[in-house]
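Colleague: One structure is given below, represented as structure tokens, and several questions about it will come after.
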There are 2 protein chains.
Amino acid sequence: MDAIDRPLKMNKTHRPTILVTNDDGIFSEGIHCLADIASEFGNVLIVAPDSPQSAQGHAITLEHPLRLHKSALFEGIEAYQCSGTPVDCVKMAKHLLRRGQPVDLCLSGINHGSNASISILYSGTMSAAMEASIEGIPAVGFSLHDFDADNPHFETAKDVVRRVVQLFFEKGFGKATLLNVNIPNLPLEKIKDLRVCRQAEGLWREEFTEGKDPLGRTYYWLTGKFECHETDIESDIVALREGYVSIVPSMHNLTHFEAMESLKMQFS
Amino acid sequence: MDAIDRPLKMNKTHRPTILVTNDDGIFSEGIHCLADIASEFGNVLIVAPDSPQSAQGHAITLEHPLRLHKSALFEGIEAYQCSGTPVDCVKMAKHLLRRGQPVDLCLSGINHGSNASISILYSGTMSAAMEASIEGIPAVGFSLHDFDADNPHFETAKDVVRRVVQLFFEKGFGKATLLNVNIPNLPLEKIKDLRVCRQAEGLWREEFTEGKDPLGRTYYWLTGKFECHETDIESDIVALREGYVSIVPSMHNLTHFEAMESLKMQFS
């Protein structure tokens, strides 16, 4: 893909409000990239975890109180760090904003690692975006597939964010409210295009490393291998493998509508 | 509904293996009810959290090791308590079982509280069941709507579990692999019937109680009110309100298929 210029001037009477969050925490590189692009388009509010919260899924904190502190990490942007999960952060942001203007768009990420296929379920990045979308706020989670951790192509990711956000303000997302955007870790010129996909069927085959702690007690440390046998270019995993940015419109209603009739037959 | 007798003798050459877990923890009443019924049908393996893990969603533990200890709480049943989340417990169970037989059915619960509508996303109970279903293991999460905490009708819930499990072994679940079963907190004779439903559209309007801790620092404690405007008897919230047990076939593929075409138009 070719780099795009800075966005067109917004054809709006008000500057939109954009909520930015993530799961890698407020100190991560990804959220700084995301905030940079978001502030080209609107007034940005950041509420992000004060520590890494990867793989926290849709967890929320009910058993103890949360802390919220203003952050000076982002020049000219109102930012807070929160002691909770990514979903807590979105709830906290809505709490703060309810005193003021509504949110026009929620951006989450840029996640360091894949949230394609089944990883969407474990992902704090995507759960934060989903939490916003439940109230009808258009929301996008961005993830960069930086398997080469020494050389993450955040400049590619920033260009993709700019494209998607520009598209949102120009045309909208159609019937979609929640997008799961995964970006191959490649220089921009090697990215083929954006591609609307479905979530690939795949799974994590968990493995546990068993060991002994210094006191001689057994522990189990979770790891795993991702397994996917898809070959369809419309599935996110295959699109990514082929050098496309995958964009999966996703939803929070988990009903398996197709199964309803067959289940009714069994239960009658 | 009328009470049903103990299940028919299984028409199987092997006794099925049933994995039981929950999110309220191994000491909760619900999992003991569930284990009682499961052991009428098969060989039961329990792996459950060693502490309450409500609202943990699909969180998994990657940053630190897990502990696993045999539990003597369930007479004649192999049981373990695990220091992780509900999803960790299912992964741990699969790890233990991979050394032996496959799992025929996973049962999660009986949760103390509703997992209907959007609550499925926050629910550790349902996320544990979903984790099993990702690998194709038929899985059911059960929740009892015990708003009257002093008088939970676990005998009703046990009857519902027995019905659902018996139905599974007799007829299967059709095209469904994952069921979200919610049970009104009523005496059995006041329950109208089982009803196959879709997930109601609804949301939690979060509220934060702001306070000062003993050191004078501000804290925020999450609470909220559930909001739902559904009137359709095919939605789980309405079915429950009318005295039915709601059964929602659910899925782990979050693709919003209907939105794909409109999104392609926007992105072209």
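Following the order of the structure tokens, chains are lettered A, B, ..., residues in each are numbered from 1, and ligands are numbered from 1.
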With only C-alpha atoms as the counted atoms, please give the residues lying no more than 12 Å from Asp146 of chain B, apart from itself and same-chain residues fewer than 2 positions off, as a list in words.
Modeller: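 Once the adjacent positions are removed, what remains is Gly30, Ile110, Asn111, His112, Gly113, Ser114, Asn115, Ser143, Leu144, Asp148, Ala149, Asp150, Asn151, Pro152, His153, Phe154, Thr156, Ala157, Asn182, Ile183, Pro184, Asn185, Leu186 and Pro187 of chain B.
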Colleague: With N, CA, C and O atoms kept, could you save the residues just selected as a short mmCIF file (atom, residue, chain, number, x, y, z; two decimals), in the first residue's frame?
Modeller:
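The resulting file, part-v8.cif, is shown below:
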```
data_model
loop_
_atom_site.label_atom_id
_atom_site.label_comp_id
_atom_site.auth_asym_id
_atom_site.auth_seq_id
_atom_site.Cartn_x
_atom_site.Cartn_y
_atom_site.Cartn_z
N GLY B 30 -23.34 -24.13 44.45
CA GLY B 30 -23.73 -24.45 43.08
C GLY B 30 -22.96 -25.59 42.45
O GLY B 30 -23.53 -26.46 41.78
N ILE B 110 -23.35 -24.39 39.23
CA ILE B 110 -24.52 -23.57 38.94
C ILE B 110 -24.23 -22.19 39.48
O ILE B 110 -23.98 -22.03 40.69
N ASN B 111 -24.20 -21.20 38.56
CA ASN B 111 -23.84 -19.85 38.96
C ASN B 111 -24.91 -19.22 39.85
O ASN B 111 -26.10 -19.39 39.63
N HIS B 112 -24.42 -18.48 40.81
CA HIS B 112 -25.28 -17.75 41.74
C HIS B 112 -25.54 -16.37 41.14
O HIS B 112 -24.77 -15.43 41.37
N GLY B 113 -26.56 -16.23 40.32
CA GLY B 113 -26.84 -14.95 39.66
C GLY B 113 -27.02 -15.13 38.17
O GLY B 113 -26.70 -16.18 37.62
N SER B 114 -27.53 -14.10 37.52
CA SER B 114 -27.91 -14.19 36.10
C SER B 114 -26.71 -14.12 35.16
O SER B 114 -25.80 -13.32 35.36
N ASN B 115 -26.73 -14.94 34.13
CA ASN B 115 -25.82 -14.79 33.00
C ASN B 115 -26.60 -14.64 31.70
O ASN B 115 -26.12 -14.98 30.62
N SER B 143 -27.09 -21.06 35.35
CA SER B 143 -27.14 -19.94 36.30
C SER B 143 -28.51 -19.87 36.95
O SER B 143 -29.53 -19.99 36.26
N LEU B 144 -28.52 -19.64 38.24
CA LEU B 144 -29.77 -19.52 38.99
C LEU B 144 -29.98 -18.07 39.40
O LEU B 144 -29.09 -17.45 39.99
N ASP B 148 -33.34 -13.43 45.43
CA ASP B 148 -33.66 -13.64 46.83
C ASP B 148 -32.56 -14.53 47.42
O ASP B 148 -32.69 -15.75 47.45
N ALA B 149 -31.46 -13.90 47.85
CA ALA B 149 -30.26 -14.66 48.21
C ALA B 149 -30.49 -15.60 49.39
O ALA B 149 -29.77 -16.58 49.57
N ASP B 150 -31.52 -15.30 50.20
CA ASP B 150 -31.77 -16.13 51.38
C ASP B 150 -32.47 -17.43 51.01
O ASP B 150 -32.56 -18.35 51.83
N ASN B 151 -32.99 -17.48 49.81
CA ASN B 151 -33.82 -18.62 49.47
C ASN B 151 -33.58 -19.10 48.04
O ASN B 151 -34.47 -19.10 47.21
N PRO B 152 -32.32 -19.49 47.75
CA PRO B 152 -32.05 -19.94 46.38
C PRO B 152 -32.65 -21.34 46.15
O PRO B 152 -32.50 -22.23 46.99
N HIS B 153 -33.36 -21.47 45.04
CA HIS B 153 -34.03 -22.75 44.75
C HIS B 153 -33.10 -23.69 43.99
O HIS B 153 -33.32 -23.98 42.82
N PHE B 154 -32.08 -24.16 44.69
CA PHE B 154 -31.14 -25.05 44.03
C PHE B 154 -31.79 -26.38 43.64
O PHE B 154 -31.34 -27.04 42.72
N THR B 156 -34.66 -26.68 42.27
CA THR B 156 -35.18 -26.41 40.91
C THR B 156 -34.04 -26.51 39.90
O THR B 156 -34.15 -27.16 38.85
N ALA B 157 -32.94 -25.84 40.23
CA ALA B 157 -31.79 -25.83 39.32
C ALA B 157 -31.29 -27.25 39.06
O ALA B 157 -30.96 -27.61 37.93
N ASN B 182 -30.32 -20.29 31.86
CA ASN B 182 -30.64 -19.47 33.03
C ASN B 182 -31.97 -19.92 33.62
O ASN B 182 -32.91 -20.23 32.88
N ILE B 183 -32.01 -19.97 34.93
CA ILE B 183 -33.11 -20.61 35.65
C ILE B 183 -33.74 -19.60 36.62
O ILE B 183 -33.04 -19.05 37.47
N PRO B 184 -35.05 -19.37 36.49
CA PRO B 184 -35.70 -18.46 37.46
C PRO B 184 -35.61 -19.04 38.87
O PRO B 184 -35.65 -20.27 39.05
N ASN B 185 -35.51 -18.18 39.84
CA ASN B 185 -35.43 -18.64 41.23
C ASN B 185 -36.83 -18.89 41.78
O ASN B 185 -37.37 -18.09 42.54
N LEU B 186 -37.40 -20.00 41.37
CA LEU B 186 -38.78 -20.34 41.74
C LEU B 186 -38.85 -21.80 42.15
O LEU B 186 -38.01 -22.61 41.73
N PRO B 187 -39.85 -22.16 42.94
CA PRO B 187 -40.06 -23.59 43.19
C PRO B 187 -40.37 -24.28 41.86
O PRO B 187 -40.95 -23.66 40.96
#
```
Colleague: Which residues are near Thr223 of chain B? Cut-off 12 Å, only C-alpha atoms, ignore same chain within fewer than 6 positions. Put them as a list in words.
Modeller: Ile60, Thr61, Leu62, Glu63, His64, Pro65, Leu66, Asp88, Lys91, Met92 and His95 of chain A; Trp204, Arg205, Glu206, Glu207, Phe208, Thr209 and Glu210 of chain B
Colleague: Using only C-alpha atoms, pick whichever of B:Lys212, B:Gln166, B:Val248, B:Gln56 has the shortest atom-to-atom distance to Gly124 of chain A.
Modeller: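 The closest residue to Gly124 of chain A is B:Gln56.
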Colleague: Chain B near chain A within 7 Å: what's each residue's closest atom pair and its distance in Å to one decimal, counting only C-alpha atoms, ordered by chain then ascending residue number, as a tab-separated table?
Modeller:
```
residue	atom	partner	partner_atom	distance
B:Ala55	CA	A:Ala59	CA	5.5
B:Gln56	CA	A:Ala59	CA	4.1
B:Gly57	CA	A:Ala59	CA	4.6
B:His58	CA	A:Gly57	CA	4.7
B:Ala59	CA	A:Gln56	CA	4.1
B:Ile60	CA	A:Ala55	CA	5.8
B:Leu62	CA	A:Leu222	CA	6.0
B:His64	CA	A:Trp221	CA	6.9
B:Pro65	CA	A:Trp221	CA	4.5
B:Leu66	CA	A:Tyr220	CA	5.0
B:Arg67	CA	A:Tyr219	CA	5.3
B:Lys91	CA	A:Glu206	CA	6.5
B:His95	CA	A:Glu207	CA	6.9
B:Leu121	CA	A:His58	CA	6.3
B:Tyr122	CA	A:His58	CA	5.4
B:Ile134	CA	A:Leu203	CA	6.8
B:Lys171	CA	A:Gln266	CA	6.3
B:Phe173	CA	A:Leu263	CA	5.7
B:Gly174	CA	A:Ser262	CA	5.0
B:Lys175	CA	A:Ala259	CA	4.9
B:Ala176	CA	A:Ala259	CA	5.3
B:Val196	CA	A:Lys264	CA	6.0
B:Arg198	CA	A:Thr255	CA	5.6
B:Gln199	CA	A:Thr255	CA	5.6
B:Leu203	CA	A:Ile134	CA	6.8
B:Glu206	CA	A:Lys91	CA	6.5
B:Glu207	CA	A:His95	CA	6.9
B:Tyr219	CA	A:Arg67	CA	5.3
B:Tyr220	CA	A:Leu66	CA	5.0
B:Trp221	CA	A:Pro65	CA	4.5
B:Leu222	CA	A:Leu62	CA	6.0
B:Val248	CA	A:Thr255	CA	6.4
B:Pro249	CA	A:His256	CA	5.3
B:Ser250	CA	A:Thr255	CA	4.5
B:Met251	CA	A:His256	CA	5.5
B:Asn253	CA	A:Gln199	CA	6.4
B:Leu254	CA	A:Ser250	CA	5.2
B:Thr255	CA	A:Ser250	CA	4.5
B:His256	CA	A:Ser250	CA	4.7
B:Ala259	CA	A:Lys175	CA	4.9
B:Met260	CA	A:Pro249	CA	6.4
B:Ser262	CA	A:Gly174	CA	5.0
B:Leu263	CA	A:Gly174	CA	5.2
B:Lys264	CA	A:Val196	CA	6.0
B:Gln266	CA	A:Lys171	CA	6.3
```
Colleague: Could you name the residues that touch Ala128 of chain A at 7 Å or less, counting only C-alpha atoms, but leaving out those on the same chain fewer than 6 positions away, as a list in words?
Modeller: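 After dropping sequence-adjacent residues, the list is Pro86, Val87, Val90 and Ser108 of chain A.
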Colleague: Restricting the calculation to only C-alpha atoms, which member of A:Cys82, A:Ile18, A:Leu105, A:Val160 is positioned closest to Ala48 of chain A?
Modeller: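 Closest candidate: A:Cys82.
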Colleague: What does the distance from atom CA of Leu107 of chain A to atom CA of Asp24 of chain A come to in Å, to one decimal?
Modeller: 13.6 Å
Colleague: For Ile46 of chain A, work out the shell of residues within 10 Å, counting only C-alpha atoms and skipping chain neighbours fewer than 2 positions away, then give it as a PyMOL selection string.
Modeller: chain A and resi 18-22+26+31+35+44+48-49+70-71+74+77-81+89-90+93+106-108
Colleague: Apply DSSP to the backbone of this structure and, from segment 80-130 of chain B, keep only the residues in strand (DSSP E or B); write these as a ChimeraX atom specification.
Modeller: /B:80-82,105-112
Colleague: Expressed in Å to a single decimal, how great is the separation between atom CA of Lys190 of chain B and atom CA of Gly42 of chain B?
Modeller: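 Spanning atom CA of Lys190 of chain B to atom CA of Gly42 of chain B is a straight-line distance of 29.5 Å.
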Colleague: Can you list, as a PyMOL selection string, every residue of segment 211-248 of chain A that DSSP puts in helix (DSSP H, G or I)?
Modeller: chain A and resi 236-241
Colleague: Rounded to one decimal, what separation in Å do you get between atom CA of Gly141 of chain B and atom CA of Met126 of chain B?
Modeller: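 About the pair atom CA of Gly141 of chain B and atom CA of Met126 of chain B: they are 5.4 Å apart.
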